[in-house]
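Undergrad: Got a structure for you, written out below as structure tokens; questions coming shortly.
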Amino acid sequence: MNYLKSIGYSDSSGDIIDEAMNVQNIYGQMEKELFIKVELDRISDRLTVRGLAYSDINYMTISEQAQVLQIGNLTYSDGMSVYRKVLEKAGVKKEFDEIYQDFDRIYEESGRLQDKEEKKWERRR
């Protein structure tokens with residue numbers, strides 16, 4: 001926008017600003033989708049190492065899910081997006097409230113596991 005002002009361009013209708021915001025929103029969505037894909041690939045790898053598939057998520061304990069998902073280092077929103085995609089891949093249908101309740105427990109446990117791992121690494125230094 002500053003560039004347009006510096007060259008004396010005026011868009012009184014705001015179309016250029018609207019278009020720039022649309023491009024920014026689309027780019028942000030693409031980044032988030034790529035981020036989620038990368039996280040899903042990592043989760044798939046951790047499941048494969050254990051001889052499991054996404055469909056096994058439904059039968060895991062909260063602690064096991066936390067170990068496989070490892071979402072404790074993500075923002076709550078990003079973690080929730082990843083968790084919902086995992087459920088989708090697993091073919092698990094849950095009510096809205098149940099998704100959030102389960103995610104909260106997994107997120108907290110994942111954070112505890114991450115803290116525990118960090119403390120273990122600090123002691124080794």
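Chain labels A, B, ... are given in the sequence in which chains occur in the structure tokens; within each chain residues are numbered consecutively from 1, and ligands are likewise numbered from 1 in the order shown.
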Could you pull out the residues in region 5-98 of chain A that DSSP calls helix (DSSP H, G or I) from the backbone, as a ChimeraX atom specification?
TA: /A:5-6,15-49,54-59,62-69,76-90,96-98
Undergrad: Produce a file of the selected residues containing C-alpha atoms, as a short mmCIF file (atom, residue, chain, number, x, y, z; two decimals), in the first residue's frame.
TA:
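Resulting contents of out.cif:
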```
data_model
loop_
_atom_site.label_atom_id
_atom_site.label_comp_id
_atom_site.auth_asym_id
_atom_site.auth_seq_id
_atom_site.Cartn_x
_atom_site.Cartn_y
_atom_site.Cartn_z
CA LYS A 5 0.86 5.84 -2.28
CA SER A 6 4.49 6.66 -3.15
CA ASP A 15 -10.57 -2.79 -4.44
CA ILE A 16 -6.80 -3.15 -4.33
CA ILE A 17 -6.77 -3.39 -0.54
CA ASP A 18 -9.56 -5.96 -0.64
CA GLU A 19 -7.68 -8.00 -3.26
CA ALA A 20 -4.44 -7.81 -1.26
CA MET A 21 -6.28 -9.02 1.85
CA ASN A 22 -7.78 -11.90 -0.14
CA VAL A 23 -4.34 -12.93 -1.42
CA GLN A 24 -2.95 -12.71 2.11
CA ASN A 25 -5.79 -14.86 3.48
CA ILE A 26 -5.36 -17.47 0.75
CA TYR A 27 -1.60 -17.59 1.34
CA GLY A 28 -2.17 -17.99 5.08
CA GLN A 29 -4.61 -20.84 4.46
CA MET A 30 -2.13 -22.55 2.14
CA GLU A 31 0.60 -22.26 4.78
CA LYS A 32 -1.68 -23.78 7.41
CA GLU A 33 -2.66 -26.66 5.12
CA LEU A 34 1.00 -27.38 4.39
CA PHE A 35 1.83 -27.23 8.12
CA ILE A 36 -0.97 -29.70 8.89
CA LYS A 37 0.20 -32.03 6.11
CA VAL A 38 3.75 -32.04 7.52
CA GLU A 39 2.43 -32.79 11.03
CA LEU A 40 0.21 -35.59 9.68
CA ASP A 41 3.22 -37.10 7.89
CA ARG A 42 5.16 -37.07 11.18
CA ILE A 43 2.26 -38.65 13.03
CA SER A 44 1.93 -41.29 10.31
CA ASP A 45 5.64 -42.10 10.70
CA ARG A 46 5.30 -42.47 14.48
CA LEU A 47 2.26 -44.73 14.02
CA THR A 48 4.07 -46.85 11.42
CA VAL A 49 7.07 -47.33 13.74
CA TYR A 54 -4.69 -43.86 11.99
CA SER A 55 -7.65 -46.15 12.63
CA ASP A 56 -5.95 -47.35 15.83
CA ILE A 57 -6.14 -43.86 17.38
CA ASN A 58 -9.64 -44.59 18.64
CA TYR A 59 -8.38 -47.49 20.76
CA ILE A 62 -4.84 -40.50 26.23
CA SER A 63 -1.17 -41.03 27.10
CA GLU A 64 -0.58 -43.15 23.99
CA GLN A 65 -2.31 -40.59 21.81
CA ALA A 66 -0.20 -37.82 23.35
CA GLN A 67 2.98 -39.78 22.57
CA VAL A 68 1.98 -40.33 18.96
CA LEU A 69 0.48 -36.91 18.24
CA TYR A 76 -3.80 -24.79 20.81
CA SER A 77 -5.42 -23.83 17.51
CA ASP A 78 -2.83 -25.61 15.38
CA GLY A 79 -2.97 -28.68 17.61
CA MET A 80 -6.75 -28.77 17.32
CA SER A 81 -6.54 -28.51 13.53
CA VAL A 82 -4.08 -31.42 13.44
CA TYR A 83 -6.19 -33.48 15.86
CA ARG A 84 -9.35 -32.97 13.80
CA LYS A 85 -7.51 -34.10 10.64
CA VAL A 86 -6.20 -37.17 12.50
CA LEU A 87 -9.76 -38.06 13.52
CA GLU A 88 -10.89 -37.54 9.94
CA LYS A 89 -8.14 -39.85 8.63
CA ALA A 90 -9.03 -42.40 11.30
CA PHE A 96 -18.13 -31.28 18.91
CA ASP A 97 -17.91 -31.26 22.72
CA GLU A 98 -16.29 -34.69 22.83
#
```
Undergrad: Enter the distance from CA of Thr61 (chain A) to CA of Ile106 (chain A), in Å, rounded to one decimal.
TA: 9.3 Å
Undergrad: What's the separation between CA of Gln70 (chain A) and CA of Lys93 (chain A), in Å to one decimal place?
TA: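 Those two atoms sit 21.4 Å apart.
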Undergrad: Show me, as a count of residues only, the residues that have an atom within 10 Å of Asn73 (chain A) when counting only C-alpha atoms, minus same-chain residues fewer than 5 positions from it.
TA: 7
Undergrad: Quote the spacing between CA of Lys120 (chain A) and CA of Gln101 (chain A) in Å to one decimal place.
TA: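 Taking CA of Lys120 (chain A) and CA of Gln101 (chain A), their separation equals 29.0 Å.
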Undergrad: For Leu74 (chain A), which of A:Glu108, A:Glu117, A:Gly8, A:Tyr100 is the closest residue, counting only C-alpha atoms?
TA: A:Glu108
